[in-house]
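Coordinates as given in start07.cif (mmCIF, C-alpha atoms):
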```cif
data_structure
loop_
_atom_site.group_PDB
_atom_site.id
_atom_site.type_symbol
_atom_site.label_atom_id
_atom_site.label_comp_id
_atom_site.auth_asym_id
_atom_site.auth_seq_id
_atom_site.Cartn_x
_atom_site.Cartn_y
_atom_site.Cartn_z
ATOM 1 C CA MET A 276 0.000 0.000 0.000
ATOM 2 C CA VAL A 277 2.905 2.330 -0.728
ATOM 3 C CA GLY A 278 1.720 5.919 -1.104
ATOM 4 C CA LYS A 279 -1.916 4.976 -0.483
ATOM 5 C CA LYS A 280 -4.537 6.160 2.006
ATOM 6 C CA ILE A 281 -6.327 3.863 4.420
ATOM 7 C CA ILE A 282 -9.205 4.845 6.685
ATOM 8 C CA TYR A 283 -9.493 2.775 9.857
ATOM 9 C CA VAL A 284 -12.958 2.811 11.485
ATOM 10 C CA HIS A 285 -12.896 1.893 15.170
ATOM 11 C CA GLY A 286 -15.431 -0.022 17.206
ATOM 12 C CA PHE A 287 -17.954 0.961 19.868
ATOM 13 C CA MET A 288 -16.527 2.932 22.827
ATOM 14 C CA SER A 289 -13.126 3.154 21.149
ATOM 15 C CA ALA A 290 -11.392 6.070 19.383
ATOM 16 C CA GLY A 291 -8.990 6.895 16.587
ATOM 17 C CA SER A 292 -6.126 6.640 19.066
ATOM 18 C CA THR A 293 -6.676 2.881 19.342
ATOM 19 C CA HIS A 294 -3.561 0.720 19.241
ATOM 20 C CA THR A 295 -5.007 -1.080 16.220
ATOM 21 C CA ALA A 296 -4.535 2.021 14.054
ATOM 22 C CA GLN A 297 -0.942 2.353 15.212
ATOM 23 C CA ILE A 298 -0.213 -1.298 14.425
ATOM 24 C CA LEU A 299 -1.512 -0.733 10.895
ATOM 25 C CA ARG A 300 0.803 2.267 10.576
ATOM 26 C CA ASP A 301 3.727 0.186 11.816
ATOM 27 C CA TYR A 302 3.055 -2.578 9.288
ATOM 28 C CA MET A 303 2.447 -0.136 6.419
ATOM 29 C CA PRO A 304 4.861 2.749 7.093
ATOM 30 C CA GLU A 305 4.665 4.034 3.520
ATOM 31 C CA ALA A 306 0.878 4.323 3.622
ATOM 32 C CA THR A 307 -1.235 6.980 5.352
ATOM 33 C CA VAL A 308 -3.620 5.558 7.960
ATOM 34 C CA ILE A 309 -6.427 7.945 8.924
ATOM 35 C CA ALA A 310 -8.322 7.004 12.086
ATOM 36 C CA PRO A 311 -11.020 9.513 13.091
ATOM 37 C CA ASP A 312 -12.878 9.660 16.390
ATOM 38 C CA LEU A 313 -16.479 8.702 15.624
ATOM 39 C CA PRO A 314 -19.437 10.553 17.150
ATOM 40 C CA ILE A 315 -21.474 8.348 19.457
ATOM 41 C CA HIS A 316 -24.664 8.947 17.442
ATOM 42 C CA PRO A 317 -24.653 6.691 14.358
ATOM 43 C CA GLU A 318 -26.151 9.174 11.887
ATOM 44 C CA GLU A 319 -23.439 11.675 12.792
ATOM 45 C CA ALA A 320 -20.752 9.001 12.556
ATOM 46 C CA MET A 321 -21.938 7.864 9.134
ATOM 47 C CA ALA A 322 -22.075 11.456 7.869
ATOM 48 C CA LEU A 323 -18.509 12.050 9.079
ATOM 49 C CA LEU A 324 -17.228 8.901 7.363
ATOM 50 C CA ARG A 325 -18.948 9.665 4.067
ATOM 51 C CA LYS A 326 -17.515 13.179 4.098
ATOM 52 C CA LEU A 327 -14.067 11.834 4.940
ATOM 53 C CA ALA A 328 -14.273 9.283 2.120
ATOM 54 C CA GLU A 329 -15.287 12.051 -0.279
ATOM 55 C CA THR A 330 -12.453 14.401 0.683
ATOM 56 C CA GLU A 331 -9.629 11.907 1.308
ATOM 57 C CA LYS A 332 -10.528 9.410 -1.458
ATOM 58 C CA PRO A 333 -9.057 6.424 0.401
ATOM 59 C CA ASP A 334 -7.753 3.359 -1.404
ATOM 60 C CA LEU A 335 -8.997 1.081 1.375
ATOM 61 C CA VAL A 336 -11.301 1.251 4.390
ATOM 62 C CA ILE A 337 -10.891 -1.181 7.296
ATOM 63 C CA GLY A 338 -13.544 -1.307 10.007
ATOM 64 C CA THR A 339 -13.790 -3.449 13.122
ATOM 65 C CA SER A 340 -16.955 -4.379 15.022
ATOM 66 C CA MET A 341 -19.251 -1.327 14.917
ATOM 67 C CA GLY A 342 -16.740 0.189 12.497
ATOM 68 C CA GLY A 343 -17.198 -2.847 10.260
ATOM 69 C CA MET A 344 -20.919 -2.084 10.111
ATOM 70 C CA TYR A 345 -20.217 1.492 9.017
ATOM 71 C CA THR A 346 -17.533 0.329 6.577
ATOM 72 C CA GLU A 347 -19.959 -1.900 4.676
ATOM 73 C CA MET A 348 -22.002 1.183 3.759
ATOM 74 C CA LEU A 349 -19.080 3.147 2.272
ATOM 75 C CA TYR A 350 -19.894 1.914 -1.220
ATOM 76 C CA GLY A 351 -17.534 2.225 -4.152
ATOM 77 C CA ILE A 352 -14.336 1.683 -2.141
ATOM 78 C CA ASP A 353 -12.296 -1.444 -1.386
ATOM 79 C CA ARG A 354 -13.293 -2.430 2.152
ATOM 80 C CA ILE A 355 -12.521 -4.993 4.839
ATOM 81 C CA CYS A 356 -15.126 -5.566 7.544
ATOM 82 C CA VAL A 357 -13.635 -7.311 10.586
ATOM 83 C CA ASN A 358 -16.159 -8.930 12.954
ATOM 84 C CA PRO A 359 -18.773 -6.430 11.724
ATOM 85 C CA ALA A 360 -21.568 -5.698 14.208
ATOM 86 C CA PHE A 361 -24.536 -5.638 11.834
ATOM 87 C CA GLN A 362 -26.891 -6.040 14.805
ATOM 88 C CA MET A 363 -25.494 -3.225 16.935
ATOM 89 C CA GLY A 364 -28.681 -2.621 18.924
ATOM 90 C CA SER A 365 -28.814 -6.213 20.113
ATOM 91 C CA THR A 366 -25.043 -6.321 20.599
ATOM 92 C CA ILE A 367 -25.178 -3.344 22.978
ATOM 93 C CA THR A 368 -27.941 -4.775 25.152
ATOM 94 C CA GLU A 369 -26.677 -8.365 25.149
ATOM 95 C CA SER A 370 -23.121 -7.251 26.016
ATOM 96 C CA ASN A 371 -24.239 -5.150 29.021
ATOM 97 C CA MET A 372 -23.129 -1.865 27.458
ATOM 98 C CA MET A 373 -26.100 0.181 28.696
ATOM 99 C CA GLY A 374 -25.770 3.077 31.121
ATOM 100 C CA LYS A 375 -22.570 4.935 31.882
ATOM 101 C CA GLN A 376 -19.673 3.785 29.687
ATOM 102 C CA VAL A 377 -16.045 4.907 29.529
ATOM 103 C CA PHE A 378 -14.226 5.171 26.200
ATOM 104 C CA GLN A 379 -11.395 2.654 25.956
ATOM 105 C CA ASN A 380 -9.063 5.104 24.209
ATOM 106 C CA ARG A 381 -8.343 8.828 24.462
ATOM 107 C CA ARG A 382 -10.508 11.023 22.243
ATOM 108 C CA GLN A 383 -9.406 14.323 20.774
ATOM 109 C CA ASP A 384 -12.489 16.149 22.087
ATOM 110 C CA GLY A 385 -11.579 15.176 25.646
ATOM 111 C CA VAL A 386 -14.852 13.345 26.239
ATOM 112 C CA GLN A 387 -14.206 10.085 28.027
ATOM 113 C CA GLU A 388 -17.672 9.033 29.231
ATOM 114 C CA VAL A 389 -21.084 8.599 27.669
ATOM 115 C CA ILE A 390 -24.517 7.434 28.806
ATOM 116 C CA VAL A 391 -25.883 4.677 26.580
ATOM 117 C CA THR A 392 -29.679 4.964 26.603
ATOM 118 C CA LYS A 393 -32.532 3.004 25.052
ATOM 119 C CA SER A 394 -32.945 5.892 22.620
ATOM 120 C CA LEU A 395 -29.335 5.519 21.483
ATOM 121 C CA VAL A 396 -29.803 1.774 21.070
ATOM 122 C CA LYS A 397 -32.774 2.462 18.797
ATOM 123 C CA GLU A 398 -30.590 4.807 16.730
ATOM 124 C CA TYR A 399 -28.172 1.936 16.150
ATOM 125 C CA LYS A 400 -30.970 -0.452 15.266
ATOM 126 C CA ASP A 401 -32.260 2.049 12.710
ATOM 127 C CA MET A 402 -28.774 2.464 11.268
ATOM 128 C CA THR A 403 -28.193 -1.277 10.826
ATOM 129 C CA GLU A 404 -31.376 -1.489 8.775
ATOM 130 C CA GLN A 405 -29.539 0.551 6.133
ATOM 131 C CA CYS A 406 -26.819 -2.088 5.706
ATOM 132 C CA PHE A 407 -26.625 -4.052 2.429
ATOM 133 C CA SER A 408 -28.822 -1.487 0.648
ATOM 134 C CA GLN A 409 -26.576 -1.053 -2.394
ATOM 135 C CA VAL A 410 -24.990 -4.456 -2.924
ATOM 136 C CA THR A 411 -24.218 -5.152 -6.577
ATOM 137 C CA PRO A 412 -21.942 -7.696 -8.292
ATOM 138 C CA ASP A 413 -19.308 -4.963 -8.600
ATOM 139 C CA GLU A 414 -19.625 -4.072 -4.905
ATOM 140 C CA GLN A 415 -19.181 -7.720 -3.979
ATOM 141 C CA ARG A 416 -15.684 -7.606 -5.498
ATOM 142 C CA HIS A 417 -14.762 -4.673 -3.279
ATOM 143 C CA VAL A 418 -15.702 -6.141 0.099
ATOM 144 C CA PHE A 419 -14.022 -8.770 2.284
ATOM 145 C CA GLY A 420 -15.394 -9.934 5.614
ATOM 146 C CA LEU A 421 -13.101 -11.368 8.299
ATOM 147 C CA PHE A 422 -14.712 -13.259 11.174
ATOM 148 C CA GLY A 423 -12.972 -14.595 14.277
ATOM 149 C CA ASP A 424 -13.870 -18.240 14.806
ATOM 150 C CA ALA A 425 -13.981 -17.703 18.590
ATOM 151 C CA ASP A 426 -15.776 -14.337 18.641
ATOM 152 C CA PRO A 427 -18.106 -14.275 21.693
ATOM 153 C CA VAL A 428 -19.635 -10.872 20.866
ATOM 154 C CA VAL A 429 -20.949 -10.775 17.287
ATOM 155 C CA HIS A 430 -22.026 -13.624 15.021
ATOM 156 C CA THR A 431 -22.743 -12.165 11.610
ATOM 157 C CA PHE A 432 -20.822 -14.482 9.279
ATOM 158 C CA ASP A 433 -23.967 -15.998 7.756
ATOM 159 C CA LEU A 434 -25.662 -12.598 7.409
ATOM 160 C CA PHE A 435 -22.623 -11.151 5.639
ATOM 161 C CA GLN A 436 -22.330 -14.180 3.355
ATOM 162 C CA GLU A 437 -25.922 -13.721 2.206
ATOM 163 C CA HIS A 438 -24.756 -10.512 0.518
ATOM 164 C CA TYR A 439 -21.006 -10.869 -0.070
ATOM 165 C CA PRO A 440 -19.195 -14.066 -1.158
ATOM 166 C CA GLN A 441 -15.789 -13.065 0.239
ATOM 167 C CA ALA A 442 -16.527 -14.116 3.827
ATOM 168 C CA ILE A 443 -13.472 -15.540 5.583
ATOM 169 C CA ARG A 444 -13.026 -17.049 9.029
ATOM 170 C CA PHE A 445 -9.781 -16.522 10.941
ATOM 171 C CA HIS A 446 -8.374 -17.867 14.204
ATOM 172 C CA GLY A 447 -9.255 -15.214 16.731
ATOM 173 C CA GLU A 448 -11.818 -13.587 18.980
ATOM 174 C CA HIS A 449 -13.647 -10.277 18.678
ATOM 175 C CA ARG A 450 -10.789 -7.916 19.416
ATOM 176 C CA LEU A 451 -8.299 -7.504 16.585
ATOM 177 C CA ILE A 452 -4.981 -8.208 18.299
ATOM 178 C CA GLU A 453 -1.592 -7.755 16.632
ATOM 179 C CA LYS A 454 -1.209 -11.467 15.862
ATOM 180 C CA ALA A 455 -4.509 -11.475 13.972
ATOM 181 C CA ILE A 456 -3.534 -8.316 12.083
ATOM 182 C CA PHE A 457 -0.216 -9.796 10.968
ATOM 183 C CA HIS A 458 -1.347 -13.327 10.121
ATOM 184 C CA TYR A 459 -4.882 -12.772 8.822
ATOM 185 C CA LEU A 460 -5.614 -9.132 7.987
ATOM 186 C CA MET A 461 -2.351 -8.232 6.231
ATOM 187 C CA PRO A 462 -2.633 -11.055 3.624
ATOM 188 C CA VAL A 463 -6.076 -9.745 2.615
ATOM 189 C CA ILE A 464 -4.684 -6.207 2.382
ATOM 190 C CA ARG A 465 -1.939 -7.633 0.139
ATOM 191 C CA TRP A 466 -4.551 -9.231 -2.156
ATOM 192 C CA ILE A 467 -6.330 -5.909 -2.493
ATOM 193 C CA ASP A 468 -3.106 -3.998 -3.126
ATOM 194 C CA ASP A 469 -2.029 -6.529 -5.776
ATOM 195 C CA ARG A 470 -5.361 -6.177 -7.559
ATOM 196 C CA GLN A 471 -5.268 -2.376 -7.429
ATOM 197 C CA GLU A 472 -1.757 -2.351 -8.860
ATOM 198 C CA GLY A 473 -2.333 -5.106 -11.422
ATOM 199 C CA ARG A 474 0.557 -6.903 -9.748
ATOM 200 C CA GLU A 475 1.053 -10.588 -10.512
ATOM 201 C CA ARG A 476 3.160 -12.554 -8.061
ATOM 202 C CA ARG A 477 4.915 -15.768 -8.976
ATOM 203 C CA THR A 478 2.866 -18.818 -8.050
ATOM 204 C CA VAL A 479 3.932 -21.594 -5.686
ATOM 205 C CA LEU A 480 1.833 -24.764 -5.734
ATOM 206 C CA ILE A 481 2.100 -26.909 -2.594
ATOM 207 C CA ASP A 482 0.985 -30.526 -2.848
ATOM 208 C CA GLN A 483 -1.099 -31.749 0.099
ATOM 209 C CA ASN A 484 1.257 -34.741 0.453
ATOM 210 C CA THR A 485 3.896 -32.381 1.889
ATOM 211 C CA LEU A 486 1.743 -30.847 4.627
ATOM 212 C CA ALA A 487 0.957 -33.338 7.391
ATOM 213 C CA ASP A 488 2.893 -35.898 9.395
ATOM 214 C CA SER A 489 1.683 -39.435 10.129
ATOM 215 C CA TYR A 490 -0.535 -38.055 12.913
ATOM 216 C CA GLY A 491 -2.269 -35.573 10.629
ATOM 217 C CA LYS A 492 -0.479 -32.607 12.207
ATOM 218 C CA PRO A 493 1.340 -29.893 10.213
ATOM 219 C CA LYS A 494 4.943 -30.865 9.552
ATOM 220 C CA SER A 495 7.771 -29.126 11.348
ATOM 221 C CA SER A 496 8.541 -25.606 10.014
ATOM 222 C CA LEU A 497 5.544 -25.735 7.639
ATOM 223 C CA HIS A 498 3.940 -22.612 9.084
ATOM 224 C CA LYS A 499 7.291 -20.809 9.110
ATOM 225 C CA ALA A 500 7.787 -21.623 5.430
ATOM 226 C CA TYR A 501 4.241 -20.594 4.558
ATOM 227 C CA GLU A 502 4.570 -17.203 6.256
ATOM 228 C CA LEU A 503 7.854 -16.521 4.440
ATOM 229 C CA LEU A 504 6.474 -17.550 1.061
ATOM 230 C CA LEU A 505 3.433 -15.299 1.485
ATOM 231 C CA ASP A 506 5.699 -12.250 1.458
ATOM 232 C CA ASN A 507 6.599 -12.750 -2.191
ATOM 233 C CA TYR A 508 4.442 -15.426 -3.782
ATOM 234 C CA ASN A 509 0.864 -16.400 -4.514
ATOM 235 C CA ILE A 510 0.379 -19.724 -2.714
ATOM 236 C CA PHE A 511 -2.070 -22.445 -3.716
ATOM 237 C CA PHE A 512 -2.598 -25.872 -2.175
ATOM 238 C CA VAL A 513 -3.085 -28.809 -4.518
ATOM 239 C CA SER A 514 -5.070 -31.889 -3.489
ATOM 240 C CA PRO A 515 -6.370 -34.915 -5.376
ATOM 241 C CA ALA A 516 -10.008 -35.077 -6.471
ATOM 242 C CA PRO A 517 -11.067 -38.708 -5.878
ATOM 243 C CA THR A 518 -14.276 -39.777 -7.587
ATOM 244 C CA ASN A 519 -15.123 -42.492 -5.046
ATOM 245 C CA ASP A 520 -15.103 -40.272 -1.925
ATOM 246 C CA PRO A 521 -17.170 -37.125 -2.459
ATOM 247 C CA SER A 522 -16.583 -35.940 1.109
ATOM 248 C CA PHE A 523 -12.790 -35.888 0.706
ATOM 249 C CA ILE A 524 -12.706 -32.468 -0.944
ATOM 250 C CA SER A 525 -14.720 -30.790 1.808
ATOM 251 C CA ARG A 526 -12.602 -32.481 4.512
ATOM 252 C CA GLN A 527 -9.330 -31.511 2.854
ATOM 253 C CA GLN A 528 -10.431 -27.944 2.260
ATOM 254 C CA ALA A 529 -11.544 -27.690 5.888
ATOM 255 C CA TRP A 530 -8.117 -28.987 7.046
ATOM 256 C CA ILE A 531 -6.274 -26.474 4.851
ATOM 257 C CA GLU A 532 -8.354 -23.509 6.034
ATOM 258 C CA GLU A 533 -8.157 -24.667 9.646
ATOM 259 C CA THR A 534 -4.378 -25.007 9.411
ATOM 260 C CA PHE A 535 -3.567 -21.839 7.454
ATOM 261 C CA SER A 536 -6.653 -19.697 8.149
ATOM 262 C CA SER A 537 -7.569 -16.640 6.068
ATOM 263 C CA PRO A 538 -4.540 -16.551 3.688
ATOM 264 C CA ALA A 539 -5.597 -19.987 2.410
ATOM 265 C CA TRP A 540 -9.186 -18.933 1.695
ATOM 266 C CA ASN A 541 -10.116 -19.798 -1.893
ATOM 267 C CA HIS A 542 -6.565 -21.029 -2.519
ATOM 268 C CA ALA A 543 -7.175 -24.784 -2.728
ATOM 269 C CA ILE A 544 -7.086 -26.592 -6.088
ATOM 270 C CA PHE A 545 -8.426 -30.120 -6.491
ATOM 271 C CA THR A 546 -7.043 -32.079 -9.406
ATOM 272 C CA ASN A 547 -5.602 -35.490 -10.151
ATOM 273 C CA HIS A 548 -3.127 -33.957 -12.602
ATOM 274 C CA PRO A 549 -1.151 -31.230 -10.781
ATOM 275 C CA GLN A 550 1.542 -31.331 -13.455
ATOM 276 C CA LEU A 551 -0.914 -29.674 -15.839
ATOM 277 C CA LEU A 552 -1.404 -26.630 -13.607
ATOM 278 C CA TYR A 553 0.138 -23.313 -14.543
ATOM 279 C CA GLY A 554 2.606 -22.193 -11.891
ATOM 280 C CA ASP A 555 6.190 -21.217 -11.281
ATOM 281 C CA TYR A 556 7.016 -23.766 -8.556
ATOM 282 C CA LEU A 557 5.500 -27.063 -7.478
ATOM 283 C CA ILE A 558 6.476 -28.519 -4.098
ATOM 284 C CA SER A 559 5.492 -32.183 -3.985
ATOM 285 C CA SER A 560 6.727 -35.480 -2.604
ATOM 286 C CA THR A 561 5.750 -37.025 -5.947
ATOM 287 C CA VAL A 562 7.946 -36.685 -9.038
ATOM 288 C CA HIS A 563 6.333 -34.496 -11.726
ATOM 289 C CA ASP A 564 8.868 -34.318 -14.541
ATOM 290 C CA ASP A 565 6.258 -32.910 -16.943
ATOM 291 C CA PHE A 566 5.466 -29.857 -14.770
ATOM 292 C CA LEU A 567 6.355 -26.790 -16.848
ATOM 293 C CA GLY A 568 7.688 -24.773 -13.920
ATOM 294 C CA THR A 569 10.323 -25.671 -11.325
ATOM 295 C CA SER A 570 9.521 -28.833 -9.399
ATOM 296 C CA LEU A 571 10.865 -29.308 -5.855
ATOM 297 C CA LEU A 572 10.830 -32.946 -4.718
ATOM 298 C CA PHE A 573 9.925 -32.767 -1.036
ATOM 299 C CA GLY A 574 11.572 -35.481 1.056
ATOM 300 C CA SER A 575 14.545 -35.805 -1.284
ATOM 301 C CA ASP A 576 18.101 -35.191 -0.115
ATOM 302 C CA GLU A 577 17.889 -31.605 -1.389
ATOM 303 C CA PHE A 578 14.510 -30.837 0.186
ATOM 304 C CA LYS A 579 14.296 -33.273 3.066
ATOM 305 C CA THR A 580 12.304 -30.903 5.316
ATOM 306 C CA TRP A 581 10.594 -27.520 5.106
ATOM 307 C CA GLU A 582 13.782 -25.921 6.440
ATOM 308 C CA GLU A 583 15.562 -26.812 3.188
ATOM 309 C CA VAL A 584 12.643 -25.342 1.246
ATOM 310 C CA ILE A 585 12.969 -22.126 3.272
ATOM 311 C CA THR A 586 16.687 -21.932 2.468
ATOM 312 C CA TYR A 587 16.003 -22.439 -1.231
ATOM 313 C CA PHE A 588 13.482 -19.623 -1.472
ATOM 314 C CA ASP A 589 15.596 -17.340 0.718
ATOM 315 C CA ARG A 590 18.349 -17.637 -1.881
ATOM 316 C CA LEU A 591 15.903 -16.810 -4.657
ATOM 317 C CA GLY A 592 15.008 -13.513 -3.006
ATOM 318 C CA GLY A 593 11.418 -13.523 -4.252
ATOM 319 C CA GLN A 594 12.206 -14.558 -7.825
#
```

Could you render the structure from this file as structure tokens?
Amino acid sequence: MVGKKIIYVHGFMSAGSTHTAQILRDYMPEATVIAPDLPIHPEEAMALLRKLAETEKPDLVIGTSMGGMYTEMLYGIDRICVNPAFQMGSTITESNMMGKQVFQNRRQDGVQEVIVTKSLVKEYKDMTEQCFSQVTPDEQRHVFGLFGDADPVVHTFDLFQEHYPQAIRFHGEHRLIEKAIFHYLMPVIRWIDDRQEGRERRTVLIDQNTLADSYGKPKSSLHKAYELLLDNYNIFFVSPAPTNDPSFISRQQAWIEETFSSPAWNHAIFTNHPQLLYGDYLISSTVHDDFLGTSLLFGSDEFKTWEEVITYFDRLGGQ
């Protein structure tokens, strides 16, 4: 996101000074991250965000929780909604956020407390009724939803998926901690940046026969290798497509997404002929002499473990 503008939209009872905005700045030092304090009244907050989007013309908007709800309605912009609270009225009452509340982060206006009333809750309910009002096939391309698989606060995955196909689960709870930003949010930001720039990364195909040990657990250094490869390559997982076990594909895809989470979303290929796939590198424990790219024979003397694979790609320097 070099030279680009990002608007970060915070959650309920937070502020633009949230640590989340600073983490985004740290990970994208050559981008401008704008994080405004939102008014407590939703109509005012939405008006502020629409005005900000009009004047700043951001390349990306990222919203968490309540901010994810607002973000969905900023049509015409690439957007990521993280644990979006599309049922804010119910979320407030069910999470015991009525009455006197203290903002979690310092606000520029100096206000640190607010009284959450039934009238305010109704304002949020009215606002959420405006969500999904302008969804089109083009809009669906612009919006990603990220949902923590252990989120105890909001549960809107199914609601989001009714309107947008790019709904992705990640390993995490409601709050967007630094680990979740690095492992799950940043890869999605990279996809969006690549698309905006028309950037095509070299492709690495990883055969499923290189992933698990005899106990079905990820092999040693697999995650380390995957994280390193993501920095420079487009990674796809290749699995067989047996005709006599229709449940295999769903089980294998579930294992891949469970193991690698959001970066592996929509990156599984099922074929009985991986050598016919177009790619730059194929990592497999099976010999594929007819693969048109570079084939790495996993388990051989040269690539006995994932550590040897890491060394190989380190020497390539992203080529």

Output check: residues returned by the PyMOL selection byres ((chain A and resi 441) around 12), as a VMD selection string: chain A and resid 354 to 356 412 414 to 422 432 to 433 435 to 440 442 to 444 463 537 540 to 541

A:Pro549 environment, 8 Å, only C-alpha atoms, sequence neighbours closer than 3 positions dropped, as a ChimeraX atom specification: /A:513,546,552,566

Chain and number of each residue from the PyMOL selection byres ((chain A and resi 382) around 12), as number ranges by chain: A: 285, 288-293, 310-315, 377-381, 383-388

Picked residues, the PyMOL selection byres ((chain A and resi 446) around 8), as a count of residues only: 9

Residue with smallest distance to A:Asn371 - pool A:Leu551, A:Leu480, A:Met402, A:Val396, counting only C-alpha atoms: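 Ranked by minimum distance to A:Asn371, first place goes to A:Val396.
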
Between atom CA of A:Gln483 and atom CA of A:Ser514, distance in Å (one decimal): 5.4 Å

Residue contacts of A:Gly374 (10 Å, all atoms listed in the file) excluding same-chain residues fewer than 4 positions away, as a list of chain:residue names: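 Those residues are A:Val389, A:Ile390, A:Val391, A:Thr392, A:Lys393.
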
Distance of atom CA of A:Val336 from atom CA of A:Thr534, expressed in Å to one decimal place: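 Interatomic distance, atom CA of A:Thr534 to atom CA of A:Val336: 27.6 Å.
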
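Using only C-alpha atoms, the nearest neighbour of A:Glu583 within the list A:Ile456, A:Ala487, A:Leu497, A:Ala539 is A:Leu497.
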
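Atom pair atom CA of A:Ile524 / atom CA of A:Leu557: separated by 20.1 Å.
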
Neighbour list for A:Pro462 as a list in words, cut-off 10 Å, only C-alpha atoms, skip fewer than 2 positions in-chain: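 Near A:Pro462, the qualifying residues are Ile456, Phe457, His458, Tyr459, Leu460, Ile464, Arg465, Trp466, Ile467, Asp468, Glu502, Leu505, Asp506, Ser537, Pro538 and Ala539 of chain A.
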
Grab all the atoms of stretch 290-298 of chain A that the file lists, wrap them in a box along x, y and z, add 8 Å per side, and give me centre plus edge lengths in Å (one decimal) as lines of an AutoDock Vina configuration file.
```
center_x = -5.8
center_y = 2.8
center_z = 16.7
size_x = 27.2
size_y = 24.2
size_z = 21.3
```

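Closest approach to A:Leu395 among A:Lys454, A:Ile352, A:Gln376, A:Pro317 is made by A:Pro317 (distances from only C-alpha atoms).
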
Cut-off 6 Å around (-6.5, -3.8, 17.7) with only C-alpha atoms: residues as a ChimeraX atom specification: /A:294-295,451-452

Selected residue of minimal separation from A:Lys494 among A:Glu329, A:Glu453, A:Glu582, A:Glu475, counting all atoms listed in the file: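 Of A:Glu329, A:Glu453, A:Glu582, A:Glu475, the one nearest A:Lys494, counting all atoms listed in the file, is A:Glu582.
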
Spatial neighbours of stretch 339-346 of chain A, max dist 9 Å, only C-alpha atoms, sep filter under 3 positions, as a ChimeraX atom specification: /A:283-287,317,320-321,324,336,349-350,354-363,402-403,406,420,429,449-451

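Of the residues listed (A:Lys280, A:Lys492, A:Arg470, A:Arg476), A:Arg476 shows the shortest atom-to-atom separation from A:Asp555; distances use all atoms listed in the file.
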